[in-house]
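Quick look at data19.txt (compact mmCIF, C-alpha atoms):
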# COMPACT_ATOMS: atom_id res chain seq x y z
CA MET A 24 154.59 143.52 145.89
CA LYS A 25 152.29 143.00 142.93
CA LYS A 26 151.86 139.45 141.67
CA LEU A 27 154.63 138.53 139.27
CA GLN A 28 153.59 137.69 135.74
CA MET A 29 155.56 136.85 132.62
CA VAL A 30 153.36 139.32 130.73
CA ASP A 31 150.94 141.61 132.58
CA LEU A 32 148.25 142.21 129.98
CA LYS A 33 145.62 143.06 132.56
CA GLY A 34 147.81 145.68 134.19
CA GLN A 35 148.48 147.27 130.82
CA TYR A 36 144.78 147.20 129.95
CA THR A 37 143.83 149.18 133.06
CA HIS A 38 145.79 152.17 131.72
CA ILE A 39 144.03 152.19 128.36
CA LYS A 40 140.69 150.67 129.38
CA SER A 41 138.42 153.56 128.49
CA GLU A 42 139.95 154.03 125.04
CA VAL A 43 139.97 150.32 124.24
CA ASP A 44 136.43 149.77 125.48
CA GLN A 45 135.14 152.66 123.39
CA ALA A 46 136.98 151.42 120.30
CA ILE A 47 135.47 147.95 120.69
CA MET A 48 131.96 149.35 121.18
CA ASP A 49 132.36 151.54 118.10
CA VAL A 50 133.01 148.42 116.03
CA VAL A 51 130.11 146.54 117.63
CA ASN A 52 127.76 149.41 116.95
CA SER A 53 128.94 149.67 113.36
CA THR A 54 128.61 145.88 112.81
CA ALA A 55 131.51 146.22 110.31
CA TYR A 56 133.37 143.25 111.73
CA ILE A 57 135.44 142.26 108.67
CA ASN A 58 137.50 144.75 106.64
CA GLY A 59 135.62 147.61 108.24
CA PRO A 60 136.83 151.18 108.78
CA ALA A 61 138.83 150.17 111.87
CA VAL A 62 141.04 147.89 109.76
CA LYS A 63 141.68 150.60 107.19
CA ASP A 64 142.42 153.15 109.93
CA PHE A 65 144.91 150.83 111.59
CA GLN A 66 146.55 150.04 108.26
CA LYS A 67 147.11 153.74 107.56
CA SER A 68 148.33 154.42 111.09
CA LEU A 69 150.84 151.59 110.96
CA GLU A 70 152.06 152.67 107.50
CA ALA A 71 152.72 156.14 108.92
CA TYR A 72 154.43 154.80 112.05
CA LEU A 73 156.71 152.45 110.12
CA ASP A 74 157.22 154.89 107.24
CA VAL A 75 156.42 152.08 104.80
CA LYS A 76 154.29 152.32 101.66
CA HIS A 77 152.12 149.27 102.26
CA VAL A 78 150.77 147.46 105.32
CA ILE A 79 148.53 144.48 104.60
CA PRO A 80 146.78 143.23 107.77
CA CYS A 81 146.12 139.50 108.08
CA ALA A 82 144.91 136.91 110.57
CA ASN A 83 148.15 136.06 112.40
CA GLY A 84 151.92 136.20 112.21
CA THR A 85 152.33 132.72 110.76
CA ASP A 86 150.01 133.62 107.91
CA ALA A 87 152.00 136.81 107.42
CA LEU A 88 155.16 134.78 106.80
CA GLN A 89 153.44 132.26 104.54
CA ILE A 90 151.65 134.88 102.47
CA SER A 91 154.88 136.86 102.11
CA MET A 92 156.55 133.82 100.57
CA MET A 93 153.53 133.13 98.35
CA GLY A 94 153.58 136.73 97.17
CA LEU A 95 157.23 136.49 96.19
CA GLY A 96 156.41 133.54 93.94
CA LEU A 97 158.79 131.07 95.59
CA LYS A 98 158.43 127.60 94.05
CA PRO A 99 158.57 124.08 95.55
CA GLY A 100 162.18 123.03 95.95
CA ASP A 101 163.48 126.59 96.31
CA GLU A 102 165.80 126.87 99.30
CA VAL A 103 165.09 129.40 102.04
CA ILE A 104 167.76 130.10 104.65
CA THR A 105 166.73 130.96 108.19
CA ALA A 106 167.93 130.67 111.79
CA ASP A 107 167.97 127.39 113.69
CA PHE A 108 167.31 129.17 116.98
CA THR A 109 163.78 130.52 116.73
CA PHE A 110 160.12 129.55 117.04
CA ALA A 111 158.92 126.86 114.66
CA ALA A 112 156.52 129.12 112.73
CA THR A 113 159.43 130.56 110.76
CA VAL A 114 160.43 127.19 109.28
CA GLU A 115 156.92 125.73 109.39
CA VAL A 116 155.63 127.93 106.59
CA ILE A 117 158.66 127.18 104.43
CA ALA A 118 157.91 123.47 104.67
CA LEU A 119 154.16 123.93 104.18
CA LEU A 120 154.76 125.63 100.84
CA GLY A 121 156.97 122.78 99.62
CA LEU A 122 160.05 124.97 99.83
CA THR A 123 163.29 123.61 101.29
CA PRO A 124 164.21 125.02 104.70
CA VAL A 125 167.93 125.52 105.25
CA LEU A 126 168.70 126.10 108.92
CA VAL A 127 171.90 127.84 110.01
CA ASP A 128 173.53 128.79 113.29
CA VAL A 129 173.19 132.09 115.15
CA ASP A 130 175.41 134.68 116.80
CA PRO A 131 176.31 133.81 120.42
CA ASP A 132 175.78 137.37 121.68
CA ASP A 133 172.57 138.67 120.11
CA PHE A 134 171.13 135.25 119.07
CA ASN A 135 170.36 136.45 115.55
CA ILE A 136 171.25 134.65 112.34
CA ASP A 137 174.99 134.22 111.73
CA ILE A 138 176.00 136.06 108.56
CA SER A 139 178.95 133.78 107.79
CA ALA A 140 176.66 130.76 108.17
CA ILE A 141 174.22 132.26 105.65
CA GLU A 142 176.96 132.74 103.09
CA LYS A 143 178.24 129.21 103.60
CA ALA A 144 174.72 127.80 103.06
CA ILE A 145 173.95 129.60 99.77
CA THR A 146 173.61 127.31 96.75
CA PRO A 147 172.25 127.79 93.22
CA ARG A 148 168.84 126.71 94.60
CA THR A 149 168.77 129.41 97.30
CA LYS A 150 166.06 132.00 96.66
CA ALA A 151 165.47 133.78 99.96
CA ILE A 152 166.79 134.62 103.43
CA VAL A 153 164.56 134.98 106.48
CA PRO A 154 166.34 136.90 109.24
CA VAL A 155 164.47 136.68 112.55
CA HIS A 156 164.77 139.73 114.80
CA LEU A 157 164.87 137.50 117.85
CA PHE A 158 163.65 138.64 121.27
CA GLY A 159 163.29 142.19 119.91
CA HIS A 160 166.84 142.73 118.63
CA VAL A 161 167.25 143.63 114.96
CA ALA A 162 169.51 141.31 112.98
CA ASN A 163 172.55 142.60 111.07
CA MET A 164 170.56 143.91 108.13
CA ASP A 165 173.50 145.67 106.45
CA ALA A 166 175.15 142.29 105.99
CA VAL A 167 171.92 140.45 105.14
CA MET A 168 171.03 142.94 102.41
CA GLU A 169 174.58 142.90 101.01
CA LEU A 170 174.43 139.10 100.70
CA ALA A 171 170.97 139.26 99.15
CA LYS A 172 172.11 141.76 96.56
CA LYS A 173 175.27 139.78 95.78
CA HIS A 174 173.37 136.53 95.22
CA ASP A 175 170.05 137.96 93.90
CA LEU A 176 168.03 136.69 96.87
CA LYS A 177 164.78 137.89 98.40
CA VAL A 178 164.73 138.98 102.05
CA ILE A 179 161.71 138.25 104.25
CA GLU A 180 162.02 139.79 107.72
CA ASP A 181 160.41 137.87 110.56
CA ASN A 182 159.56 140.86 112.71
CA ALA A 183 157.14 139.14 115.09
CA GLN A 184 159.23 140.11 118.14
CA ALA A 185 160.73 143.47 117.19
CA ILE A 186 158.02 145.86 116.09
CA GLY A 187 159.02 149.43 116.83
CA ALA A 188 162.77 148.73 116.84
CA ASP A 189 165.01 150.93 114.71
CA TYR A 190 167.97 149.69 112.70
CA THR A 191 170.90 152.05 112.16
CA PHE A 192 172.79 151.35 108.94
CA LYS A 193 176.51 151.80 108.52
CA ASP A 194 175.89 155.11 106.77
CA GLY A 195 173.96 156.43 109.81
CA SER A 196 170.49 156.24 108.28
CA GLN A 197 167.71 154.49 110.18
CA GLN A 198 164.77 152.31 109.24
CA LYS A 199 162.14 150.45 111.22
CA ALA A 200 162.60 146.72 111.64
CA GLY A 201 160.45 144.82 109.17
CA THR A 202 160.66 147.48 106.44
CA ILE A 203 164.21 146.83 105.23
CA GLY A 204 163.91 143.63 103.19
CA ASP A 205 161.63 142.92 100.26
CA VAL A 206 158.86 142.16 102.71
CA GLY A 207 158.35 141.97 106.46
CA ALA A 208 155.94 139.94 108.56
CA THR A 209 154.75 140.51 112.10
CA SER A 210 152.44 139.01 114.72
CA PHE A 211 150.00 140.79 116.99
CA PHE A 212 149.69 137.84 119.40
CA PRO A 213 148.61 139.28 122.78
CA SER A 214 152.05 138.99 124.42
CA LYS A 215 153.86 140.83 121.62
CA ASN A 216 155.11 144.39 122.11
CA LEU A 217 152.14 145.48 119.99
CA GLY A 218 149.57 142.83 120.78
CA CYS A 219 145.84 142.57 120.23
CA TYR A 220 143.31 140.64 122.31
CA GLY A 221 143.29 137.60 120.06
CA ASP A 222 145.21 136.68 116.93
CA GLY A 223 146.41 139.11 114.32
CA GLY A 224 149.26 139.86 111.95
CA ALA A 225 150.46 142.12 109.18
CA ILE A 226 152.78 142.25 106.17
CA PHE A 227 154.91 145.27 105.21
CA THR A 228 156.49 146.19 101.89
CA ASN A 229 157.57 149.16 99.80
CA ASP A 230 157.06 147.18 96.57
CA ASP A 231 153.81 148.25 94.88
CA ASP A 232 153.47 145.12 92.74
CA LEU A 233 154.17 142.78 95.64
CA ALA A 234 151.66 144.62 97.81
CA HIS A 235 149.01 144.21 95.10
CA THR A 236 149.67 140.48 94.87
CA ILE A 237 149.56 140.03 98.65
CA ARG A 238 146.29 141.95 98.97
CA GLY A 239 144.71 139.42 96.66
CA ILE A 240 146.23 136.42 98.43
CA VAL A 241 144.90 137.39 101.88
CA ASN A 242 141.34 137.54 100.51
CA HIS A 243 140.88 134.26 98.60
CA GLY A 244 142.83 135.61 95.63
CA MET A 245 140.15 138.21 94.91
CA TYR A 246 140.54 141.83 93.88
CA LYS A 247 136.95 141.92 92.66
CA ARG A 248 134.30 139.84 94.39
CA TYR A 249 134.05 136.30 92.93
CA HIS A 250 136.94 136.98 90.54
CA HIS A 251 139.86 134.84 91.74
CA ASP A 252 143.00 136.06 89.99
CA VAL A 253 145.58 134.33 92.18
CA VAL A 254 145.57 131.33 94.52
CA GLY A 255 144.76 132.80 97.88
CA VAL A 256 143.85 132.08 101.47
CA ASN A 257 141.39 133.45 103.99
CA SER A 258 143.51 135.59 106.30
CA ARG A 259 141.98 138.82 107.53
CA LEU A 260 142.49 140.92 110.64
CA ASP A 261 139.07 141.46 112.17
CA SER A 262 137.82 144.95 112.93
CA ILE A 263 137.72 144.59 116.72
CA GLN A 264 141.38 143.55 116.85
CA ALA A 265 142.30 146.39 114.48
CA ALA A 266 140.51 148.90 116.69
CA ILE A 267 142.40 147.67 119.76
CA LEU A 268 145.70 147.78 117.89
CA ASN A 269 145.07 151.32 116.72
CA ILE A 270 144.78 152.43 120.36
CA LYS A 271 147.89 150.51 121.42
CA LEU A 272 149.95 151.67 118.43
CA LYS A 273 149.76 155.24 119.76
CA LYS A 274 151.53 154.01 122.89
CA LEU A 275 154.00 151.60 121.29
CA ASP A 276 157.05 153.82 121.74
CA GLU A 277 156.08 154.36 125.38
CA PHE A 278 155.59 150.61 125.86
CA ASN A 279 158.95 149.81 124.26
CA ALA A 280 160.70 152.44 126.39
CA ALA A 281 159.27 150.82 129.52
CA ARG A 282 160.68 147.45 128.39
CA GLN A 283 164.07 149.00 127.68
CA ASN A 284 164.15 150.62 131.12
CA ALA A 285 163.26 147.32 132.77
CA ALA A 286 166.03 145.63 130.78
CA ARG A 287 168.56 148.22 131.97
CA ALA A 288 167.49 147.66 135.58
CA TYR A 289 167.86 143.90 135.20
CA SER A 290 171.29 144.22 133.60
CA LYS A 291 172.50 146.67 136.24
CA ALA A 292 171.64 144.16 138.95
CA PHE A 293 173.48 141.36 137.13
CA GLU A 294 176.53 143.37 136.01
CA ASN A 295 179.02 141.79 138.46
CA CYS A 296 177.79 138.22 138.12
CA GLU A 297 180.32 135.75 136.74
CA PHE A 298 177.89 133.13 135.48
CA ILE A 299 175.03 135.33 134.29
CA LYS A 300 175.41 136.83 130.80
CA THR A 301 172.97 139.62 130.08
CA PRO A 302 171.58 140.71 126.68
CA VAL A 303 173.65 143.05 124.57
CA THR A 304 172.64 145.57 121.97
CA THR A 305 174.67 145.46 118.79
CA THR A 306 174.15 148.29 116.35
CA ASN A 307 176.13 150.56 114.08
CA LYS A 308 175.53 153.40 116.50
CA LYS A 309 178.26 154.05 119.07
CA CYS A 310 177.04 153.02 122.51
CA ASP A 311 178.35 154.51 125.74
CA VAL A 312 178.81 151.12 127.34
CA GLU A 313 180.49 148.36 125.37
CA ASN A 314 178.65 145.03 125.27
CA SER A 315 175.75 146.34 127.31
CA ILE A 316 172.44 148.17 126.90
CA CYS A 317 173.15 151.76 126.00
CA ASP A 318 170.83 154.71 126.59
CA THR A 319 169.83 154.68 122.93
CA CYS A 320 169.16 150.95 122.58
CA ASP A 321 166.64 151.49 119.82
CA CYS A 322 167.88 148.37 118.01
CA HIS A 323 166.35 146.21 120.80
CA VAL A 324 162.80 146.47 122.12
CA PHE A 325 163.03 143.49 124.51
CA HIS A 326 160.14 141.29 123.62
CA GLN A 327 162.05 138.96 125.90
CA TYR A 328 164.81 139.61 128.42
CA THR A 329 166.95 136.53 128.01
CA LEU A 330 169.95 135.53 130.12
CA LYS A 331 172.63 132.94 129.52
CA ILE A 332 173.44 130.88 132.63
CA THR A 333 176.95 129.61 131.96
CA ASN A 334 177.71 127.34 134.91
CA GLY A 335 175.34 124.50 134.07
CA LYS A 336 172.63 125.58 136.53
CA ARG A 337 169.99 126.77 134.04
CA ASP A 338 167.57 123.88 134.54
CA ALA A 339 168.01 123.97 138.31
CA LEU A 340 167.40 127.73 138.23
CA ALA A 341 164.17 127.20 136.32
CA GLU A 342 162.97 124.81 139.03
CA HIS A 343 164.02 127.24 141.75
CA LEU A 344 162.16 130.12 140.12
CA GLN A 345 159.08 127.94 139.86
CA GLU A 346 159.28 127.23 143.59
CA LYS A 347 159.63 130.96 144.31
CA GLY A 348 156.63 131.88 142.17
CA ILE A 349 158.69 133.69 139.54
CA PRO A 350 157.46 133.14 135.98
CA HIS A 351 160.10 132.40 133.38
CA GLY A 352 160.47 130.90 129.93
CA ILE A 353 163.02 128.82 128.08
CA TYR A 354 163.00 130.05 124.50
CA TYR A 355 163.89 127.66 122.96
CA PRO A 356 164.64 124.24 124.52
CA ILE A 357 165.18 122.24 121.31
CA PRO A 358 166.92 123.47 118.14
CA LEU A 359 164.76 123.33 115.03
CA HIS A 360 167.25 121.04 113.27
CA LEU A 361 166.64 118.44 116.01
CA GLN A 362 162.86 118.69 115.88
CA LYS A 363 161.29 115.56 114.39
CA ALA A 364 159.33 117.56 111.82
CA TYR A 365 162.41 119.36 110.46
CA ALA A 366 165.21 116.84 110.90
CA ASP A 367 167.29 116.41 107.74
CA GLU A 368 170.30 114.27 106.96
CA ARG A 369 171.96 117.33 105.39
CA TYR A 370 172.54 118.85 108.82
CA ASN A 371 175.82 118.37 110.67
CA GLU A 372 176.04 119.07 114.39
CA LYS A 373 179.33 120.93 113.99
CA ASP A 374 177.41 123.59 112.07
CA PHE A 375 175.16 124.33 115.08
CA VAL A 376 177.65 124.80 117.89
CA VAL A 377 176.13 128.07 119.14
CA THR A 378 172.51 126.97 118.97
CA ASN A 379 173.26 123.66 120.68
CA GLN A 380 174.89 125.58 123.53
CA LEU A 381 172.20 128.26 123.79
CA VAL A 382 169.41 125.73 124.32
CA LYS A 383 171.24 124.61 127.46
CA GLU A 384 171.84 128.10 128.82
CA VAL A 385 169.06 130.55 127.97
CA ILE A 386 166.30 131.57 130.33
CA SER A 387 163.91 134.52 129.97
CA LEU A 388 162.65 136.56 132.91
CA PRO A 389 159.36 138.48 133.20
CA MET A 390 159.30 141.34 130.69
CA HIS A 391 156.40 143.70 130.14
CA THR A 392 155.34 147.31 130.42
CA GLU A 393 154.15 147.06 134.04
CA LEU A 394 157.32 145.78 135.73
CA ASP A 395 158.36 147.92 138.69
CA ASP A 396 161.58 148.31 140.68
CA GLU A 397 160.35 146.20 143.59
CA GLN A 398 159.57 143.28 141.32
CA ILE A 399 162.87 143.53 139.46
CA LYS A 400 164.81 143.70 142.74
CA TYR A 401 163.08 140.58 144.02
CA ILE A 402 163.55 138.62 140.78
CA THR A 403 167.22 139.53 140.40
CA SER A 404 168.06 138.79 144.03
CA ILE A 405 166.58 135.29 143.74
CA VAL A 406 168.46 134.61 140.50
CA ILE A 407 171.80 135.91 141.81
CA ASP A 408 171.58 134.07 145.13
CA PHE A 409 170.94 130.78 143.36
CA VAL A 410 173.31 131.04 140.38
CA GLU A 411 176.32 132.72 141.93
CA LYS A 412 176.53 130.68 145.16

Please express the file's structure as structure tokens.
Amino acid sequence: MKKLQMVDLKGQYTHIKSEVDQAIMDVVNSTAYINGPAVKDFQKSLEAYLDVKHVIPCANGTDALQISMMGLGLKPGDEVITADFTFAATVEVIALLGLTPVLVDVDPDDFNIDISAIEKAITPRTKAIVPVHLFGHVANMDAVMELAKKHDLKVIEDNAQAIGADYTFKDGSQQKAGTIGDVGATSFFPSKNLGCYGDGGAIFTNDDDLAHTIRGIVNHGMYKRYHHDVVGVNSRLDSIQAAILNIKLKKLDEFNAARQNAARAYSKAFENCEFIKTPVTTTNKKCDVENSICDTCDCHVFHQYTLKITNGKRDALAEHLQEKGIPHGIYYPIPLHLQKAYADERYNEKDFVVTNQLVKEVISLPMHTELDDEQIKYITSIVIDFVEK
């Protein structure tokens, strides 16, 4: 059996080595390392793939979120609602801009932001909602957009984990994750479904004026050299990373399909386990299997495959997997509302029942494009033998 890895970037690279190597050498030979042709080519390719008017590449996913909020003109003291159960970058940028983060609970099944909790948290100071498409599953964007319209709020999609996923609206139409709200932000961190070989990010929008503003912000506030029209930052995707991403973008659907197939194999192995709850796909499309992963699970691209261990053995399982040489992750062990940096007397524990339970139960198994049946069989057998006995 091949060595088990949480993410097998080297294995993936071997399949695209010649194309990637050539793309890198083309940039080196051109010496156009910043904002060169490779960046513009990738921008256009990603716009076409997402069917979005504007893609603005930037240095990383955290910058993408921050610049999105800057572009929308949010002011210090404005409240921004987002999920308690996510990586800190989402709330970090809210705080850095002097905005007021408002954390709310999540859905117990798909782990995405709880719509009723959003509505409960809206005040006259609320200006934006940040739904996080966690672990690759698109949030309930019908409901998010309805709330935003009702209360005149901006929507910033944190799409760092769900690039390539499709959302099916109640009317049957589809749109790519990250292109539904006013603006979307993504990360190209190496382990992402579309990852580069360093840091990288991008911002998506169909709003021409917002795109213009953001293009200035990412480049020191300049539209013309040495003319600073807005307060900006230095956040640019370099040409080598763009060239790599352009190669990998052509294979993104193939990569996501491989993740979905691995997820189905995992869930099939766990289907009769009492204390192991597998991921579900929730969408407006009718699935063949209720509360499971259907054959058209395009709403979930499985950046992570995350279980809930419901009999109190999660931490012991993590230790057991470590002993057996099986990589795993606990995303996330501490709710954001209990992190020292984001603690606030406004928060009440009764408003975070789901998140407080999830942090005790979740565990993520290896998930990448190179997983094979032998590896999945070994991983699942170890998990089942330990948890169910």

Ref. answer, residues at most 9 Å from (171.5, 135.8, 100.3) with all atoms listed in the file, as a list in words |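 Nearby residues: Ile104, Ile141, Glu142, Ile145, Thr149, Lys150, Ala151, Ile152, Val167, Met168, Glu169, Leu170, Ala171, Lys172, Lys173, His174, Asp175, Leu176, Lys177 and Val178 of chain A.
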
Enter the distance from atom CA of A:Ile407 to atom CA of A:Val324, in Å, rounded to one decimal.
->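 Straight-line distance from atom CA of A:Ile407 to atom CA of A:Val324 works out to 24.1 Å.
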
Quick one: of A:Lys400, A:Arg238, A:Lys215, A:Lys273, who's nearest to A:Asp31, counting only C-alpha atoms?
-> A:Lys215

Find the nearest atom pair between each residue of stretch 210-305 of chain A and stretch 183-204 of chain A for residues within 7 Å, count only C-alpha atoms, give distances in Å to one decimal, sort rows by chain and ascending number, and present the table as JSON lines.
{"residue": "A:Ser210", "atom": "CA", "partner": "A:Ala183", "partner_atom": "CA", "distance": 4.7}
{"residue": "A:Lys215", "atom": "CA", "partner": "A:Gln184", "partner_atom": "CA", "distance": 6.4}
{"residue": "A:Asn216", "atom": "CA", "partner": "A:Ile186", "partner_atom": "CA", "distance": 6.8}
{"residue": "A:Phe227", "atom": "CA", "partner": "A:Thr202", "partner_atom": "CA", "distance": 6.3}
{"residue": "A:Thr228", "atom": "CA", "partner": "A:Thr202", "partner_atom": "CA", "distance": 6.3}
{"residue": "A:Asp276", "atom": "CA", "partner": "A:Gly187", "partner_atom": "CA", "distance": 6.9}

Of the listed residues A:Leu97, A:Ile349, A:Ile226, A:Val30, that which approaches A:Tyr401 most closely, counting all atoms listed in the file = A:Ile349

Give me, please, the distance in Å between atom CA of A:Thr403 and atom CA of A:Leu157, quoted to one decimal.
-> 22.8 Å

Report, as AutoDock Vina command-line options, the axis-aligned box around all atoms of stretch 125-128 of chain A present in the file, extended by 3 Å on each side; give centre and edge lengths in Å to one decimal place.
--center_x 170.7 --center_y 127.2 --center_z 109.3 --size_x 11.6 --size_y 9.3 --size_z 14.0

Identify which of the residues A:Gly348, A:Gly244, A:Gly224, A:Gly159 lies closest to A:Ala208, counting only C-alpha atoms when measuring atom-to-atom distances.
->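 Of A:Gly348, A:Gly244, A:Gly224, A:Gly159, the one nearest A:Ala208 is A:Gly224, counting only C-alpha atoms.
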
Atom CA of A:Gln380 to atom CA of A:Ile332, straight-line distance in Å | 10.6 Å

Please write as JSON, numbers by chain the list of polymer residues whose atoms come within 7 Å of (160.3, 130.3, 108.2), counting all atoms listed in the file and keeping to the coordinates of the file.
-> {"A": [88, 105, 112, 113, 114, 115, 116, 117, 153]}

For each of A:Asp86, A:Glu346, A:Glu368, A:Glu70, take the minimum atom-to-atom distance to A:Gly255, counting all atoms listed in the file, then give the residue where this is smallest.
->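 Comparing A:Asp86, A:Glu346, A:Glu368, A:Glu70 against A:Gly255, the winner is A:Asp86.
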
Using only C-alpha atoms, the shortest atom-to-atom distance to A:Ile179 among A:Cys322, A:Gly100, A:Ala87, A:Asp49 belongs to A:Ala87

Quick one: contact table of stretch 267-353 of chain A to stretch 383-398 of chain A, 9 Å max, nearest atom pair and distance in Å to one decimal per residue, counting all atoms listed in the file, chain and number order, as a Markdown table?
| residue | atom | partner | partner_atom | distance |
| --- | --- | --- | --- | --- |
| A:Glu277 | CA | A:Thr392 | CA | 8.7 |
| A:Phe278 | CA | A:Thr392 | CA | 5.6 |
| A:Asn279 | CA | A:Thr392 | CA | 7.6 |
| A:Ala280 | CA | A:Thr392 | CA | 8.4 |
| A:Ala281 | CA | A:Thr392 | CA | 5.3 |
| A:Arg282 | CA | A:Thr392 | CA | 5.7 |
| A:Ala285 | CA | A:Leu394 | CA | 6.8 |
| A:Ala286 | CA | A:Met390 | CA | 8.0 |
| A:Ala288 | CA | A:Asp396 | CA | 7.8 |
| A:Phe325 | CA | A:Met390 | CA | 7.5 |
| A:His326 | CA | A:Met390 | CA | 7.1 |
| A:Gln327 | CA | A:Met390 | CA | 6.0 |
| A:Tyr328 | CA | A:Ser387 | CA | 5.4 |
| A:Thr329 | CA | A:Ser387 | CA | 4.1 |
| A:Leu330 | CA | A:Ile386 | CA | 5.4 |
| A:Lys331 | CA | A:Val385 | CA | 4.6 |
| A:Ile332 | CA | A:Glu384 | CA | 5.0 |
| A:Thr333 | CA | A:Glu384 | CA | 6.2 |
| A:Asn334 | CA | A:Glu384 | CA | 8.5 |
| A:Gly335 | CA | A:Glu384 | CA | 7.3 |
| A:Lys336 | CA | A:Glu384 | CA | 8.1 |
| A:Arg337 | CA | A:Glu384 | CA | 5.7 |
| A:Asp338 | CA | A:Lys383 | CA | 8.0 |
| A:Leu340 | CA | A:Ile386 | CA | 8.9 |
| A:Ala341 | CA | A:Ile386 | CA | 7.7 |
| A:Ile349 | CA | A:Pro389 | CA | 8.0 |
| A:Pro350 | CA | A:Pro389 | CA | 6.3 |
| A:His351 | CA | A:Leu388 | CA | 4.9 |
| A:Gly352 | CA | A:Ser387 | CA | 5.0 |
| A:Ile353 | CA | A:Ile386 | CA | 4.8 |

Can you give me all heavy atoms for stretch 333-338 of chain A, written as an mmCIF file, in the coordinates of the input?
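The resulting rebuild.cif:
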data_model
loop_
_atom_site.group_PDB
_atom_site.id
_atom_site.type_symbol
_atom_site.label_atom_id
_atom_site.label_comp_id
_atom_site.auth_asym_id
_atom_site.auth_seq_id
_atom_site.Cartn_x
_atom_site.Cartn_y
_atom_site.Cartn_z
ATOM 1 N N THR A 333 175.803 130.287 132.559
ATOM 2 C CA THR A 333 176.950 129.610 131.960
ATOM 3 C C THR A 333 177.626 128.565 132.843
ATOM 4 O O THR A 333 178.637 127.990 132.447
ATOM 5 C CB THR A 333 178.004 130.659 131.552
ATOM 6 O OG1 THR A 333 178.458 131.373 132.715
ATOM 7 C CG2 THR A 333 177.427 131.639 130.537
ATOM 8 N N ASN A 334 177.072 128.315 134.019
ATOM 9 C CA ASN A 334 177.710 127.340 134.910
ATOM 10 C C ASN A 334 176.936 126.029 135.036
ATOM 11 O O ASN A 334 177.110 125.273 135.990
ATOM 12 C CB ASN A 334 177.940 127.933 136.295
ATOM 13 C CG ASN A 334 176.648 128.356 136.982
ATOM 14 O OD1 ASN A 334 175.571 128.340 136.366
ATOM 15 N ND2 ASN A 334 176.735 128.747 138.239
ATOM 16 N N GLY A 335 176.062 125.775 134.071
ATOM 17 C CA GLY A 335 175.340 124.500 134.070
ATOM 18 C C GLY A 335 174.134 124.452 134.989
ATOM 19 O O GLY A 335 173.535 123.379 135.155
ATOM 20 N N LYS A 336 173.722 125.578 135.550
ATOM 21 C CA LYS A 336 172.630 125.580 136.530
ATOM 22 C C LYS A 336 171.311 126.108 135.950
ATOM 23 O O LYS A 336 170.397 126.399 136.703
ATOM 24 C CB LYS A 336 173.031 126.407 137.752
ATOM 25 C CG LYS A 336 174.221 125.841 138.503
ATOM 26 C CD LYS A 336 174.666 126.725 139.659
ATOM 27 C CE LYS A 336 173.704 126.684 140.824
ATOM 28 N NZ LYS A 336 174.261 127.390 142.018
ATOM 29 N N ARG A 337 171.215 126.213 134.623
ATOM 30 C CA ARG A 337 169.990 126.770 134.040
ATOM 31 C C ARG A 337 168.743 125.987 134.429
ATOM 32 O O ARG A 337 167.746 126.573 134.870
ATOM 33 C CB ARG A 337 170.129 126.855 132.515
ATOM 34 C CG ARG A 337 169.057 127.715 131.800
ATOM 35 C CD ARG A 337 167.727 127.032 131.536
ATOM 36 N NE ARG A 337 167.815 125.772 130.870
ATOM 37 C CZ ARG A 337 167.872 125.601 129.554
ATOM 38 N NH1 ARG A 337 167.903 126.625 128.749
ATOM 39 N NH2 ARG A 337 167.911 124.357 129.055
ATOM 40 N N ASP A 338 168.768 124.676 134.252
ATOM 41 C CA ASP A 338 167.570 123.880 134.540
ATOM 42 C C ASP A 338 167.226 123.920 136.027
ATOM 43 O O ASP A 338 166.046 124.001 136.403
ATOM 44 C CB ASP A 338 167.772 122.439 134.080
ATOM 45 C CG ASP A 338 167.778 122.309 132.564
ATOM 46 O OD1 ASP A 338 167.349 123.263 131.883
ATOM 47 O OD2 ASP A 338 168.218 121.260 132.056
#
